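Next comes target.txt, a file with compact mmCIF, C-alpha atoms and all ligand atoms.
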# COMPACT_ATOMS: atom_id res chain seq x y z
CA MET T 1 33.98 -28.85 87.79
CA ILE T 2 32.80 -25.35 86.92
CA VAL T 3 34.53 -22.64 88.94
CA THR T 4 34.67 -18.86 88.65
CA THR T 5 37.21 -17.00 86.56
CA LYS T 6 38.09 -15.13 89.77
CA GLN T 7 39.24 -18.38 91.40
CA LEU T 8 41.37 -19.26 88.37
CA PHE T 9 42.89 -15.78 88.18
CA GLU T 10 43.87 -15.89 91.86
CA VAL T 11 46.10 -18.88 91.10
CA ALA T 12 47.38 -17.65 87.74
CA TYR T 13 48.15 -13.98 88.42
CA GLY T 14 51.77 -13.10 87.63
CA ASN T 15 52.77 -16.70 86.97
CA PHE T 16 50.89 -18.08 84.00
CA ALA T 17 47.80 -17.39 81.87
CA ILE T 18 44.60 -19.36 81.56
CA GLY T 19 43.72 -20.34 77.99
CA ALA T 20 40.29 -19.07 76.97
CA TYR T 21 39.02 -21.13 74.05
CA ASN T 22 35.79 -20.65 72.09
CA ILE T 23 33.41 -23.46 71.29
CA ASN T 24 30.61 -23.67 68.75
CA ASN T 25 30.03 -27.37 68.22
CA LEU T 26 30.47 -30.84 69.64
CA GLU T 27 33.80 -31.66 68.01
CA GLN T 28 35.40 -28.51 69.43
CA THR T 29 33.99 -29.32 72.86
CA VAL T 30 35.37 -32.86 72.84
CA GLY T 31 38.80 -31.73 71.58
CA LEU T 32 38.89 -28.96 74.19
CA PHE T 33 38.13 -31.24 77.15
CA ARG T 34 40.50 -33.95 75.95
CA GLY T 35 43.34 -31.50 75.40
CA ASN T 36 42.93 -29.91 78.82
CA ALA T 37 42.54 -33.25 80.59
CA ASP T 38 45.69 -34.52 78.84
CA SER T 39 47.71 -31.48 79.89
CA GLN T 40 46.18 -31.18 83.37
CA ALA T 41 45.33 -27.56 82.76
CA PRO T 42 42.56 -25.32 84.11
CA PHE T 43 40.81 -23.45 81.28
CA ILE T 44 38.02 -21.09 80.30
CA ILE T 45 35.32 -22.01 77.82
CA GLN T 46 34.24 -18.99 75.83
CA ILE T 47 30.82 -18.69 74.26
CA SER T 48 30.23 -15.86 71.82
CA LYS T 49 26.93 -14.40 70.71
CA GLY T 50 27.53 -16.06 67.34
CA ALA T 51 28.06 -19.43 69.03
CA ARG T 52 24.79 -19.04 70.98
CA SER T 53 22.83 -18.42 67.80
CA TYR T 54 24.65 -20.97 65.60
CA THR T 55 22.32 -23.75 66.74
CA HIS T 56 20.69 -22.99 70.08
CA LYS T 57 22.36 -21.67 73.23
CA SER T 58 20.94 -24.62 75.20
CA PHE T 59 22.98 -27.09 73.14
CA LEU T 60 26.18 -25.45 74.35
CA GLU T 61 25.12 -25.79 77.97
CA ALA T 62 24.07 -29.41 77.45
CA MET T 63 27.38 -30.29 75.78
CA ILE T 64 29.38 -28.69 78.56
CA ARG T 65 27.34 -30.42 81.28
CA THR T 66 27.88 -33.76 79.54
CA ALA T 67 31.60 -33.11 79.06
CA GLU T 68 31.82 -32.28 82.78
CA GLU T 69 30.49 -35.78 83.54
CA ILE T 70 32.83 -37.47 81.06
CA TRP T 71 35.94 -35.59 82.27
CA PRO T 72 35.30 -35.07 86.02
CA GLU T 73 38.94 -34.12 86.54
CA CYS T 74 38.60 -30.94 84.43
CA ILE T 75 38.36 -27.58 86.22
CA PHE T 76 37.07 -24.72 84.10
CA ALA T 77 35.01 -21.54 83.95
CA VAL T 78 32.24 -20.74 81.47
CA HIS T 79 32.46 -17.25 80.05
CA LEU T 80 30.34 -15.13 77.70
CA ASP T 81 32.69 -13.69 75.06
CA HIS T 82 32.06 -10.17 73.69
CA GLY T 83 28.57 -9.76 75.10
CA ASP T 84 26.30 -6.80 74.52
CA GLU T 85 24.12 -5.66 77.41
CA GLU T 86 21.12 -7.80 76.50
CA THR T 87 23.18 -10.97 76.00
CA CYS T 88 25.01 -10.35 79.28
CA TYR T 89 21.70 -10.19 81.16
CA ASP T 90 20.50 -13.36 79.49
CA ALA T 91 23.73 -15.17 80.45
CA ILE T 92 23.60 -13.82 84.01
CA GLU T 93 19.99 -14.89 84.51
CA SER T 94 20.69 -18.36 83.08
CA GLY T 95 22.80 -19.19 86.13
CA PHE T 96 25.17 -21.19 83.94
CA TYR T 97 27.96 -18.69 83.24
CA SER T 98 30.79 -18.04 85.71
CA SER T 99 31.52 -14.68 84.11
CA VAL T 100 30.43 -12.41 81.31
CA MET T 101 32.24 -9.96 79.09
CA ILE T 102 30.49 -6.70 78.40
CA ASP T 103 32.08 -5.25 75.31
CA ALA T 104 31.13 -1.61 75.00
CA SER T 105 34.64 -0.68 73.89
CA HIS T 106 33.35 0.80 70.64
CA GLU T 107 31.31 3.34 72.63
CA PRO T 108 32.70 6.66 73.88
CA PHE T 109 34.41 6.37 77.30
CA GLU T 110 31.52 7.72 79.41
CA ARG T 111 28.99 5.45 77.72
CA ASN T 112 31.33 2.44 78.09
CA VAL T 113 31.53 3.24 81.84
CA GLU T 114 27.76 3.62 82.13
CA ILE T 115 26.93 0.34 80.34
CA THR T 116 29.67 -1.65 82.08
CA LYS T 117 28.56 -0.37 85.50
CA ARG T 118 24.99 -1.52 84.89
CA VAL T 119 26.18 -5.01 83.89
CA VAL T 120 28.52 -5.20 86.90
CA GLU T 121 25.63 -4.43 89.27
CA ARG T 122 23.43 -7.16 87.79
CA ALA T 123 26.27 -9.70 87.62
CA HIS T 124 27.64 -9.11 91.11
CA ALA T 125 24.17 -9.51 92.58
CA ARG T 126 24.35 -13.10 91.25
CA GLY T 127 28.01 -13.72 92.19
CA ILE T 128 29.15 -13.52 88.55
CA SER T 129 32.34 -11.74 87.47
CA VAL T 130 32.56 -9.18 84.69
CA GLU T 131 35.27 -8.66 82.09
CA ALA T 132 35.09 -5.28 80.37
CA GLU T 133 37.10 -3.78 77.53
CA LEU T 134 38.79 -0.43 77.15
CA GLY T 135 40.51 0.57 73.92
CA GLN T 136 39.78 -1.06 70.58
CA LEU T 137 41.37 -3.99 68.86
CA GLY T 138 41.68 -4.13 65.09
CA GLY T 139 39.89 -6.82 63.10
CA VAL T 140 36.35 -8.02 63.58
CA GLU T 141 34.53 -8.33 66.91
CA GLU T 142 31.18 -9.91 66.20
CA ASP T 143 29.57 -7.30 63.98
CA VAL T 144 31.83 -4.46 65.08
CA VAL T 145 34.69 -3.75 62.69
CA GLY T 146 37.56 -1.90 64.31
CA GLU T 147 39.17 -0.06 61.43
CA ASN T 148 40.98 2.38 63.67
CA PRO T 149 42.18 0.32 66.58
CA CYS T 150 43.07 2.48 69.56
CA LEU T 151 45.33 1.23 72.29
CA THR T 152 44.28 1.32 75.94
CA ASP T 153 45.27 4.46 77.82
CA PRO T 154 46.80 3.32 81.16
CA ASP T 155 45.48 6.30 83.16
CA GLN T 156 42.02 5.86 81.71
CA ALA T 157 42.20 2.16 82.60
CA VAL T 158 42.53 3.04 86.31
CA GLU T 159 39.59 5.42 86.16
CA PHE T 160 37.54 2.86 84.22
CA VAL T 161 38.16 0.05 86.70
CA GLU T 162 37.46 2.27 89.70
CA ARG T 163 34.25 3.67 88.28
CA THR T 164 32.81 0.44 86.86
CA GLY T 165 33.87 -2.11 89.49
CA CYS T 166 34.66 -4.63 86.74
CA ASP T 167 36.65 -7.73 87.77
CA SER T 168 39.04 -7.97 84.82
CA LEU T 169 39.93 -5.76 81.89
CA ALA T 170 40.55 -6.59 78.25
CA VAL T 171 43.25 -4.27 77.03
CA ALA T 172 44.14 -3.25 73.49
CA ILE T 173 47.92 -3.58 73.18
CA GLY T 174 48.32 -4.18 69.46
CA THR T 175 46.69 -7.55 68.83
CA SER T 176 43.56 -7.98 66.72
CA HIS T 177 40.99 -10.67 66.07
CA GLY T 178 41.11 -13.10 63.18
CA ALA T 179 43.84 -14.48 60.92
CA TYR T 180 45.37 -11.19 59.72
CA LYS T 181 46.83 -9.50 62.76
CA PHE T 182 49.98 -7.76 61.63
CA LYS T 183 51.07 -6.34 58.31
CA GLY T 184 54.77 -7.17 58.60
CA LYS T 185 56.42 -7.35 62.01
CA GLN T 186 54.40 -8.21 65.13
CA THR T 187 53.79 -5.19 67.34
CA ILE T 188 52.60 -6.01 70.84
CA HIS T 189 52.97 -3.02 73.13
CA PHE T 190 54.45 -4.46 76.30
CA ASP T 191 55.28 -0.92 77.41
CA ILE T 192 51.55 -0.15 77.62
CA LEU T 193 50.86 -3.43 79.38
CA GLU T 194 53.54 -2.63 81.95
CA ALA T 195 52.15 0.86 82.48
CA ILE T 196 48.67 -0.60 83.08
CA GLN T 197 49.98 -3.26 85.48
CA LYS T 198 51.95 -0.64 87.40
CA ARG T 199 48.78 1.42 87.91
CA LEU T 200 46.55 -1.60 88.62
CA PRO T 201 48.78 -4.05 90.53
CA GLY T 202 47.18 -7.44 91.08
CA PHE T 203 44.27 -6.66 88.75
CA PRO T 204 43.62 -9.39 86.13
CA LEU T 205 44.15 -8.26 82.54
CA VAL T 206 42.96 -10.05 79.42
CA MET T 207 44.58 -10.34 76.00
CA HIS T 208 42.15 -10.81 73.12
CA GLY T 209 43.21 -11.63 69.58
CA SER T 210 45.96 -13.96 70.76
CA SER T 211 45.90 -16.68 68.10
CA SER T 212 49.35 -17.45 66.71
CA ILE T 213 48.25 -18.36 63.15
CA PRO T 214 50.89 -21.13 62.76
CA GLN T 215 52.47 -20.74 59.34
CA ASP T 216 52.66 -24.49 58.70
CA GLU T 217 48.89 -24.64 59.26
CA VAL T 218 48.34 -21.77 56.80
CA GLU T 219 50.59 -23.45 54.22
CA ARG T 220 48.76 -26.77 54.55
CA ILE T 221 45.38 -25.04 54.18
CA ASN T 222 46.57 -23.20 51.07
CA ALA T 223 48.10 -26.38 49.61
CA ALA T 224 44.72 -28.07 50.04
CA GLY T 225 42.81 -25.38 48.13
CA GLY T 226 42.53 -22.58 50.68
CA ARG T 227 43.53 -19.01 50.05
CA LEU T 228 44.79 -17.39 53.24
CA GLU T 229 47.28 -14.88 51.97
CA GLY T 230 49.38 -12.87 54.39
CA ALA T 231 47.84 -14.46 57.48
CA SER T 232 49.88 -13.76 60.61
CA GLY T 233 49.47 -13.95 64.37
CA VAL T 234 50.94 -13.44 67.82
CA ASP T 235 54.28 -15.09 68.59
CA PRO T 236 53.22 -17.64 71.23
CA ALA T 237 56.57 -17.13 72.97
CA GLN T 238 54.99 -13.82 74.08
CA TYR T 239 52.23 -15.51 76.10
CA LEU T 240 54.33 -16.01 79.22
CA PRO T 241 55.91 -12.54 79.15
CA ALA T 242 52.35 -11.16 78.92
CA ALA T 243 51.32 -13.36 81.88
CA LYS T 244 54.22 -12.01 83.94
CA ARG T 245 52.81 -8.53 83.29
CA GLY T 246 49.35 -9.25 84.69
CA VAL T 247 47.60 -10.97 81.78
CA THR T 248 45.69 -13.87 83.36
CA LYS T 249 43.47 -14.80 80.41
CA ILE T 250 44.60 -15.30 76.82
CA ASN T 251 41.88 -15.66 74.18
CA ILE T 252 42.47 -18.13 71.35
CA ASP T 253 39.76 -18.90 68.81
CA THR T 254 41.02 -18.43 65.24
CA ASP T 255 43.81 -21.01 65.63
CA GLY T 256 41.16 -23.66 66.32
CA ARG T 257 39.36 -22.68 63.13
CA LEU T 258 42.62 -23.18 61.24
CA VAL T 259 42.97 -26.70 62.66
CA TRP T 260 39.39 -27.47 61.59
CA THR T 261 39.92 -26.04 58.09
CA ARG T 262 43.24 -27.85 57.54
CA VAL T 263 41.90 -31.23 58.68
CA HIS T 264 38.74 -31.03 56.57
CA ARG T 265 40.35 -29.56 53.44
CA GLU T 266 43.11 -32.19 53.46
CA TYR T 267 40.75 -35.02 54.25
CA PHE T 268 38.30 -34.34 51.45
CA ARG T 269 41.13 -33.54 49.00
CA ASP T 270 42.73 -36.91 49.75
CA HIS T 271 39.42 -38.84 49.89
CA PRO T 272 37.30 -37.30 47.12
CA GLN T 273 34.77 -40.11 47.23
CA GLU T 274 34.22 -39.94 50.99
CA ILE T 275 31.01 -38.56 52.48
CA ASP T 276 31.29 -39.87 56.05
CA PHE T 277 32.05 -36.63 57.89
CA ARG T 278 32.79 -38.53 61.10
CA LYS T 279 36.12 -39.57 59.59
CA PRO T 280 37.61 -36.04 59.39
CA GLY T 281 35.61 -35.21 62.53
CA ARG T 282 37.55 -37.84 64.47
CA ILE T 283 40.84 -36.52 63.14
CA PHE T 284 39.83 -32.97 64.07
CA MET T 285 38.97 -33.90 67.67
CA GLU T 286 42.36 -35.55 68.07
CA GLU T 287 44.28 -32.73 66.39
CA TYR T 288 42.39 -30.07 68.34
CA ALA T 289 43.16 -31.83 71.63
CA LYS T 290 46.85 -31.86 70.67
CA PHE T 291 46.69 -28.19 69.72
CA ILE T 292 45.08 -27.24 73.06
CA ALA T 293 47.70 -29.17 75.01
CA SER T 294 50.47 -27.42 73.03
CA ARG T 295 48.99 -23.97 73.80
CA ASN T 296 48.65 -24.80 77.50
CA GLU T 297 52.39 -25.54 77.57
CA LEU T 298 53.10 -22.10 76.13
CA LEU T 299 50.66 -20.36 78.48
CA GLY T 300 52.18 -22.09 81.48
CA SER T 301 48.77 -23.51 82.47
CA ALA T 302 49.74 -27.12 81.72
CA GLY T 303 50.15 -29.10 84.94
CA GLN T 304 48.47 -26.40 87.08
CA LEU T 305 45.36 -28.41 88.02
CA GLU T 306 46.89 -29.46 91.32
CA ALA T 307 47.63 -25.85 92.27
CA VAL T 308 44.04 -24.89 91.43
CA ARG T 309 42.66 -27.78 93.50
CA ALA T 310 44.84 -26.75 96.45
CA HIS T 311 43.62 -23.15 96.14
CA LEU T 312 39.99 -24.23 95.99
CA SER T 313 40.26 -26.41 99.08
CA LYS T 314 42.13 -23.69 100.98
CA SER T 315 39.42 -21.15 100.15
CA GLY T 316 36.73 -23.69 101.08
CA SER T 317 35.16 -23.97 97.62
O1 LIG C 1 36.45 -12.45 69.25
C1 LIG C 1 35.68 -13.15 68.63
C2 LIG C 1 35.78 -14.63 68.78
O2 LIG C 1 36.79 -15.14 67.97
C3 LIG C 1 34.44 -15.25 68.52
O3 LIG C 1 34.13 -15.19 67.17
O4 LIG C 1 31.96 -14.01 67.21
O5 LIG C 1 32.66 -15.34 65.21
O6 LIG C 1 32.01 -16.50 67.35
P1 LIG C 1 32.58 -15.27 66.71
P1 LIG C 2 41.73 -14.74 67.92
O1 LIG C 2 40.93 -14.27 66.74
O2 LIG C 2 43.13 -14.24 67.84
O3 LIG C 2 41.67 -16.18 68.13
O4 LIG C 2 41.10 -14.03 69.23
C1 LIG C 2 40.00 -14.62 69.87
C2 LIG C 2 39.37 -13.72 70.85
O5 LIG C 2 39.89 -12.71 71.25
C3 LIG C 2 38.06 -14.13 71.38
O6 LIG C 2 37.49 -13.18 72.22
ZN ZN C 3 38.00 -11.17 71.62
Could you write out this file's structure as structure tokens?
Amino acid sequence: MIVTTKQLFEVAYGNFAIGAYNINNLEQTVGLFRGNADSQAPFIIQISKGARSYTHKSFLEAMIRTAEEIWPECIFAVHLDHGDEETCYDAIESGFYSSVMIDASHEPFERNVEITKRVVERAHARGISVEAELGQLGGVEEDVVGENPCLTDPDQAVEFVERTGCDSLAVAIGTSHGAYKFKGKQTIHFDILEAIQKRLPGFPLVMHGSSSIPQDEVERINAAGGRLEGASGVDPAQYLPAAKRGVTKINIDTDGRLVWTRVHREYFRDHPQEIDFRKPGRIFMEEYAKFIASRNELLGSAGQLEAVRAHLSKSGS
């Protein structure tokens, strides 16, 4: 069942975080639904601009609709990840997305406010929620490269939320996208997160760039011919402390790519004569489902389906 991110955040706030996982293809979709069904967790499906243009945006919708029929017990939201203004409007008009992210974080503050406000007006008119971003993460966001990441200013966050009317806010607290997050020790700024939560109590915050880049995964990829040197990620033991400080949505994409890369590199290394891609594909779907279930445990979302159902029936949805 597709629900809104708002409904999921109402249940999660202050207690646990909802895993927001990106999909691009069928195998990821199957692994994602299986993993969440197995761990009885609500979740958010994220669709990036790159995912929409990889094949055709309609395939993503069709896969999700089919998965919804196959796993009727799943409760999830469908979210546009890192949208620009044009893509947000397209997603809003499609009637398929529960929420959109307008990412104008690379723009100066006033322009970010102006763009976000326009998207909020269009989205709210259709009952769709908006995630916005203030501050800049390091790493790569679509085609925007953040070479000088700047952390979110807590006072500015209050002004931004008040002026834009956005429903949730992605904050820059030291994480970055991709497989190379920290040079040396991990530096997540919980002090900034606490300052933001103090100024915006009850307001859902979002942590991007949250993949953990498991070192055993990196080692297996490298042993099978990969070359990921110095890859590092967020300590997943930090997911719950972040949730306690108002983070209701934790974005994980790169870790799934690592699972895919490890499975396929190992499979074709060990079966050099094989050309039936369904064989590693099957392994990937199973491994990805296991990975999703393991993340849901760490996010605290595992086993929360009942609580979400109770909330939905109480609010008459
Ligand atoms: O933050 C970016 C997400 O990991 C999506 O990546 O834009 O390459 O699909 P993508
Ligand atoms: P990772 O690159 O850490 O998986 O972050 C994903 C993300 O933030 C998607 O919006
Ligand atoms: Zn992101």
Write out as a PDB file with C-alpha atoms, in the frame of the given file the residues lying within 7 Å of Asn22 (chain T), counting all atoms listed in the file and excluding same-chain residues fewer than 2 positions away.
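part-v8.pdb, written as the output of this step:
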ATOM      1  CA  ALA T  20      40.290 -19.070  76.970  1.00  0.00           C
ATOM      2  CA  ASN T  24      30.610 -23.670  68.750  1.00  0.00           C
ATOM      3  CA  ILE T  45      35.320 -22.010  77.820  1.00  0.00           C
ATOM      4  CA  GLN T  46      34.240 -18.990  75.830  1.00  0.00           C
ATOM      5  CA  ILE T  47      30.820 -18.690  74.260  1.00  0.00           C
ATOM      6  CA  ASP T 253      39.760 -18.900  68.810  1.00  0.00           C
TER       7      ASP T 253
END
- Query: Leaving out Ser58 (chain T) and any residue of its chain fewer than 4 positions from it, which residues lie within 12 Å of it when counting only C-alpha atoms, given as a ChimeraX atom specification?
  - Reply: /T:24-25,47,51-54,62-65,91,94,96
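Checking T:Asn296, T:Ser313, T:Gln136, T:Ser48 one by one against ligand LIG 1 (chain C), counting all atoms listed in the file, you find the shortest gap at T:Ser48.
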- Note on the structure: The distance between atom O4 of ligand LIG 2 (chain C) and CA of Glu73 (chain T) is 26.6 Å
- Counting only C-alpha atoms and all ligand atoms, what residues are within 7 Å of ligand LIG 1 (chain C), given as a list in words? Asn22, Ser48, Lys49, Gly50, Ala51, Asp81, His82, Glu141, Glu142, His177, Gly178, Gly209, Asp253 and Thr254 of chain T
